[in-house]
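Notes follow the structure.
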Amino acid sequence: MIAHHHNNTIQLQCGRCTLTHRPSSPRRHRVVSSYNRRLHLAKAQRVPKVSAVMPSPSTTRISLPQTLPRPNIKEIDPRTLQAISPEYKDVHPQYVRDQLSECSPLMVAGLHSAQIFAPASPLPKELQVPMTDVISIPAICPTHILAFATTTTTPANGLPRTKYTLYPIHELVFVANCSSFPALPPSSASTPAGNMAATVTMPVVKLDIPSAETFPVLQSYLYTKDAAALQSTLLPADWASSITGIVQRAIMVQGFWRNACAFGVVDASVFDVIEDSWAQIIRALQQTTSTS
């Protein structure tokens with residue numbers, strides 16, 4: 001990776017891919033036109049739900065699948081990378097993933113710099129996102145905002161109300177790592193000028209995924225590729241100290257697995273961690289129920 005300084009802009013050349021990131025300095029504003037698209041991901045294959053039935057304080061019945069099947073991993077279509085930028089023509093997806101790993105700290109810094117405030121209603125087509133330098137290193141600005149819906153009821157009238165949880169992302173990270181990730185609308189934040197702005201206009205894209213709760217876990221892994229940290233997140237310390245804890249971990253791992261299948265994650269290490277975590281959950285459940 002080579003860094004070039006030009007007009008207060010630092011350009012990282014990751015092989016054939018050039019990523020421009022913002023330095024810690026005043027930025028200029030930029031207004032762009034709006035985009036809107038509602039996308040749906042293919043659902044992961046269905047498996048029996050985790051259930052716990054406790055008819056009395058001394059009886060617990062839990063049903064879990066013995067394994068979480070590993071999907072057939074499909075490599076990224078190079079044309080999806082080329083659709084983002086012509087620079088990626090004839091570039092193998094693995095090469096792009098390798099270069100993204102080198103730029104990961106700058107992109108993570110960009111995620112932390114994005115100050116996103118969820119709107120009350122309705123969900124907008126785009127948001128003006130202030131970018132603040134919350135850490136000392138430069139940052140690569142996110143390109144899009146993903147919105148996941150949750151339905152709740154209002155205490156006043158009991159009617160359903162839809163709330164959205166918003167996550168900034170870098171489109172290239174997901175396109176290079178997920179074969180089933182949908183096409184997103186263009187974003188001015190992916191340009192050098194947009195990346196230098198103090199306030200960035202980002203398209204807001206609503207996605208329906210199997211487990212919105214575990215999306216942050218998958219996103220963190222795609223940026224860091226830290227399998228040990230993923231394992232610790234899925235199975236933290238003392239997770240198997242009670243049946244309730246085991247069931248909670250089972251729900252989380254299963255949700256994470258369903259997301260990985262739906263997105264078409266191409267990294268085999270993700271499914272290695274899932275298989276190992278699930279095997280530990282099944283063993284812990286068997287041990288706990290047999291002793292009780």
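Starting from 1 in every chain, residues are counted up; chains themselves are A, B, ... following the order of the structure tokens, and ligands are numbered from 1 as listed.
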Leaving out Ser269 (chain A) and any residue of its chain fewer than 5 positions from it, which residues lie within 10 Å of it when counting only C-alpha atoms, given as a ChimeraX atom specification? /A:225-227,274-275
Restricted to N, CA, C and O atoms, what would the selected residues look like written as a compact mmCIF listing (two decimals), in the first residue's frame?
```txt
# COMPACT_ATOMS: atom_id res chain seq x y z
N LYS A 225 -11.74 -9.20 9.93
CA LYS A 225 -11.35 -10.59 9.63
C LYS A 225 -10.65 -11.24 10.83
O LYS A 225 -9.72 -12.03 10.67
N ASP A 226 -11.13 -10.93 12.01
CA ASP A 226 -10.55 -11.46 13.26
C ASP A 226 -11.43 -12.62 13.74
O ASP A 226 -12.44 -12.41 14.41
N ALA A 227 -11.03 -13.85 13.40
CA ALA A 227 -11.83 -15.02 13.76
C ALA A 227 -11.87 -15.24 15.26
O ALA A 227 -12.89 -15.67 15.81
N ILE A 274 -18.61 -20.71 13.11
CA ILE A 274 -20.00 -21.09 13.38
C ILE A 274 -20.09 -22.56 13.76
O ILE A 274 -20.76 -22.92 14.74
N GLU A 275 -19.44 -23.43 13.00
CA GLU A 275 -19.49 -24.86 13.29
C GLU A 275 -18.92 -25.17 14.67
O GLU A 275 -19.50 -25.95 15.43
```
For the helix (DSSP H, G or I) assignment from backbone DSSP, which residues of region 232-287 of chain A qualify? Please present them as number ranges by chain. A: 232-234, 243-263, 268-287
Create the file for the chosen residues now, containing N, CA and C atoms and written as a CSV table (one decimal), in the first residue's frame.
```csv
chain,number,residue,atom,x,y,z
A,232,SER,N,-15.1,-15.1,20.3
A,232,SER,CA,-15.3,-14.5,21.7
A,232,SER,C,-16.7,-13.7,21.7
A,233,THR,N,-17.1,-13.1,20.6
A,233,THR,CA,-18.3,-12.4,20.6
A,233,THR,C,-19.5,-13.4,20.6
A,234,LEU,N,-19.4,-14.5,19.9
A,234,LEU,CA,-20.5,-15.4,19.8
A,234,LEU,C,-20.6,-16.2,21.1
A,243,ILE,N,-28.8,-22.8,31.6
A,243,ILE,CA,-29.5,-23.1,30.4
A,243,ILE,C,-30.0,-21.8,29.6
A,244,THR,N,-30.4,-20.8,30.4
A,244,THR,CA,-30.8,-19.6,29.8
A,244,THR,C,-29.6,-19.0,29.0
A,245,GLY,N,-28.4,-19.0,29.5
A,245,GLY,CA,-27.3,-18.5,28.8
A,245,GLY,C,-27.0,-19.3,27.5
A,246,ILE,N,-27.1,-20.6,27.6
A,246,ILE,CA,-26.9,-21.4,26.4
A,246,ILE,C,-27.9,-21.1,25.4
A,247,VAL,N,-29.2,-21.0,25.7
A,247,VAL,CA,-30.2,-20.7,24.7
A,247,VAL,C,-30.0,-19.4,24.1
A,248,GLN,N,-29.6,-18.4,24.9
A,248,GLN,CA,-29.3,-17.0,24.3
A,248,GLN,C,-28.2,-17.1,23.3
A,249,ARG,N,-27.1,-17.9,23.6
A,249,ARG,CA,-26.0,-18.0,22.7
A,249,ARG,C,-26.5,-18.8,21.4
A,250,ALA,N,-27.3,-19.8,21.6
A,250,ALA,CA,-27.8,-20.5,20.4
A,250,ALA,C,-28.6,-19.6,19.5
A,251,ILE,N,-29.5,-18.8,20.1
A,251,ILE,CA,-30.2,-17.8,19.2
A,251,ILE,C,-29.3,-16.9,18.5
A,252,MET,N,-28.3,-16.4,19.2
A,252,MET,CA,-27.4,-15.5,18.5
A,252,MET,C,-26.6,-16.1,17.4
A,253,VAL,N,-26.0,-17.3,17.7
A,253,VAL,CA,-25.2,-18.0,16.7
A,253,VAL,C,-26.1,-18.4,15.5
A,254,GLN,N,-27.3,-18.9,15.7
A,254,GLN,CA,-28.2,-19.2,14.6
A,254,GLN,C,-28.5,-18.0,13.8
A,255,GLY,N,-28.8,-16.9,14.4
A,255,GLY,CA,-29.1,-15.7,13.7
A,255,GLY,C,-27.9,-15.2,12.9
A,256,PHE,N,-26.7,-15.3,13.4
A,256,PHE,CA,-25.5,-14.9,12.7
A,256,PHE,C,-25.3,-15.8,11.5
A,257,TRP,N,-25.5,-17.1,11.7
A,257,TRP,CA,-25.4,-18.1,10.6
A,257,TRP,C,-26.4,-17.8,9.5
A,258,ARG,N,-27.6,-17.5,9.8
A,258,ARG,CA,-28.6,-17.2,8.8
A,258,ARG,C,-28.3,-15.9,8.0
A,259,ASN,N,-27.7,-14.9,8.7
A,259,ASN,CA,-27.2,-13.7,8.0
A,259,ASN,C,-26.1,-14.1,7.0
A,260,ALA,N,-25.1,-14.8,7.5
A,260,ALA,CA,-24.0,-15.2,6.7
A,260,ALA,C,-24.4,-16.0,5.4
A,261,CYS,N,-25.4,-16.8,5.6
A,261,CYS,CA,-26.0,-17.6,4.4
A,261,CYS,C,-26.7,-16.6,3.5
A,262,ALA,N,-27.5,-15.7,4.0
A,262,ALA,CA,-28.3,-14.8,3.2
A,262,ALA,C,-27.4,-13.9,2.4
A,263,PHE,N,-26.4,-13.4,3.0
A,263,PHE,CA,-25.5,-12.5,2.4
A,263,PHE,C,-24.6,-13.2,1.4
A,268,ALA,N,-14.6,-18.8,4.3
A,268,ALA,CA,-14.8,-20.1,4.9
A,268,ALA,C,-14.6,-20.0,6.4
A,269,SER,N,-13.7,-19.1,6.9
A,269,SER,CA,-13.4,-19.0,8.3
A,269,SER,C,-14.6,-18.6,9.1
A,270,VAL,N,-15.6,-17.9,8.5
A,270,VAL,CA,-16.8,-17.6,9.2
A,270,VAL,C,-17.6,-18.8,9.6
A,271,PHE,N,-17.7,-19.8,8.6
A,271,PHE,CA,-18.4,-21.0,8.9
A,271,PHE,C,-17.6,-22.0,9.7
A,272,ASP,N,-16.3,-21.8,9.7
A,272,ASP,CA,-15.5,-22.6,10.7
A,272,ASP,C,-15.9,-22.2,12.1
A,273,VAL,N,-15.9,-20.9,12.4
A,273,VAL,CA,-16.3,-20.4,13.7
A,273,VAL,C,-17.7,-20.8,14.1
A,274,ILE,N,-18.6,-20.7,13.1
A,274,ILE,CA,-20.0,-21.1,13.4
A,274,ILE,C,-20.1,-22.6,13.8
A,275,GLU,N,-19.4,-23.4,13.0
A,275,GLU,CA,-19.5,-24.9,13.3
A,275,GLU,C,-18.9,-25.2,14.7
A,276,ASP,N,-17.8,-24.6,15.0
A,276,ASP,CA,-17.2,-24.8,16.3
A,276,ASP,C,-18.0,-24.3,17.4
A,277,SER,N,-18.6,-23.1,17.2
A,277,SER,CA,-19.4,-22.5,18.3
A,277,SER,C,-20.7,-23.3,18.5
A,278,TRP,N,-21.3,-23.8,17.4
A,278,TRP,CA,-22.5,-24.6,17.5
A,278,TRP,C,-22.3,-25.9,18.2
A,279,ALA,N,-21.1,-26.5,17.8
A,279,ALA,CA,-20.8,-27.8,18.5
A,279,ALA,C,-20.6,-27.6,20.0
A,280,GLN,N,-20.0,-26.5,20.4
A,280,GLN,CA,-19.8,-26.2,21.8
A,280,GLN,C,-21.2,-26.0,22.5
A,281,ILE,N,-22.1,-25.4,21.8
A,281,ILE,CA,-23.4,-25.1,22.4
A,281,ILE,C,-24.2,-26.4,22.6
A,282,ILE,N,-24.1,-27.3,21.6
A,282,ILE,CA,-24.8,-28.6,21.7
A,282,ILE,C,-24.2,-29.4,22.8
A,283,ARG,N,-22.9,-29.4,22.9
A,283,ARG,CA,-22.2,-30.2,24.0
A,283,ARG,C,-22.6,-29.6,25.4
A,284,ALA,N,-22.6,-28.3,25.5
A,284,ALA,CA,-23.0,-27.6,26.8
A,284,ALA,C,-24.4,-27.9,27.1
A,285,LEU,N,-25.3,-27.9,26.2
A,285,LEU,CA,-26.7,-28.2,26.4
A,285,LEU,C,-26.9,-29.7,26.9
A,286,GLN,N,-26.2,-30.6,26.2
A,286,GLN,CA,-26.3,-32.0,26.6
A,286,GLN,C,-25.7,-32.2,28.0
A,287,GLN,N,-24.6,-31.6,28.3
A,287,GLN,CA,-24.0,-31.7,29.7
A,287,GLN,C,-24.9,-31.1,30.7
```
For Gly264 (chain A), find every residue with an atom within 8 Å (counting only C-alpha atoms), except residues of its own chain fewer than 2 positions away, and show them as a list in words. Ile73, Lys74, Cys178, Ser179, Ser180, Phe181, Ala260, Cys261, Ala262 and Val266 of chain A
Could you write out the selected residues, including C-alpha atoms, as an mmCIF file, in the first residue's frame?
```
data_model
loop_
_atom_site.group_PDB
_atom_site.id
_atom_site.type_symbol
_atom_site.label_atom_id
_atom_site.label_comp_id
_atom_site.auth_asym_id
_atom_site.auth_seq_id
_atom_site.Cartn_x
_atom_site.Cartn_y
_atom_site.Cartn_z
ATOM 1 C CA ILE A 73 -19.617 -20.935 -0.975
ATOM 2 C CA LYS A 74 -19.894 -19.034 -4.247
ATOM 3 C CA CYS A 178 -20.689 -11.328 0.020
ATOM 4 C CA SER A 179 -21.803 -12.975 -3.214
ATOM 5 C CA SER A 180 -25.515 -12.306 -2.577
ATOM 6 C CA PHE A 181 -25.231 -8.704 -1.433
ATOM 7 C CA ALA A 260 -23.984 -15.198 6.688
ATOM 8 C CA CYS A 261 -25.953 -17.573 4.443
ATOM 9 C CA ALA A 262 -28.316 -14.844 3.221
ATOM 10 C CA VAL A 266 -17.397 -16.176 0.874
#
```
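Remark: for Gln82 (chain A), the closest of the candidate residues A:Ala189, A:Val205, A:Leu68, A:Val175 is A:Val175 (distances computed over only C-alpha atoms).
Closest to Ser63 (chain A) among A:Thr199, A:Gln219, A:Gln99, A:Thr289 is A:Thr289, based on only C-alpha atoms.
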Interatomic distance (Å, one decimal) between CA of Ser211 (chain A) and CA of Thr162 (chain A): 16.0 Å
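Interatomic distance, CA of Ser113 (chain A) against CA of Pro142 (chain A): 9.1 Å.
For the residues A:Lys206, A:Ser187, A:Thr150, A:Tyr167, ranking by smallest atom-to-atom distance to Leu123 (chain A) using only C-alpha atoms places A:Lys206 first.
Atom pair CA of Pro210 (chain A) / CA of Thr80 (chain A) has a distance of 23.2 Å (rounded to one decimal).
Remark: for Leu146 (chain A), the closest of the candidate residues A:Ala237, A:Leu207, A:Leu230, A:Val173 is A:Leu207 (distances computed over only C-alpha atoms).
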Strand (DSSP E) call set, DSSP backbone run, region 46-281 of chain A, as a PyMOL selection string: chain A and resi 51-56+59-63+126-130+144-153+160-169+199-208
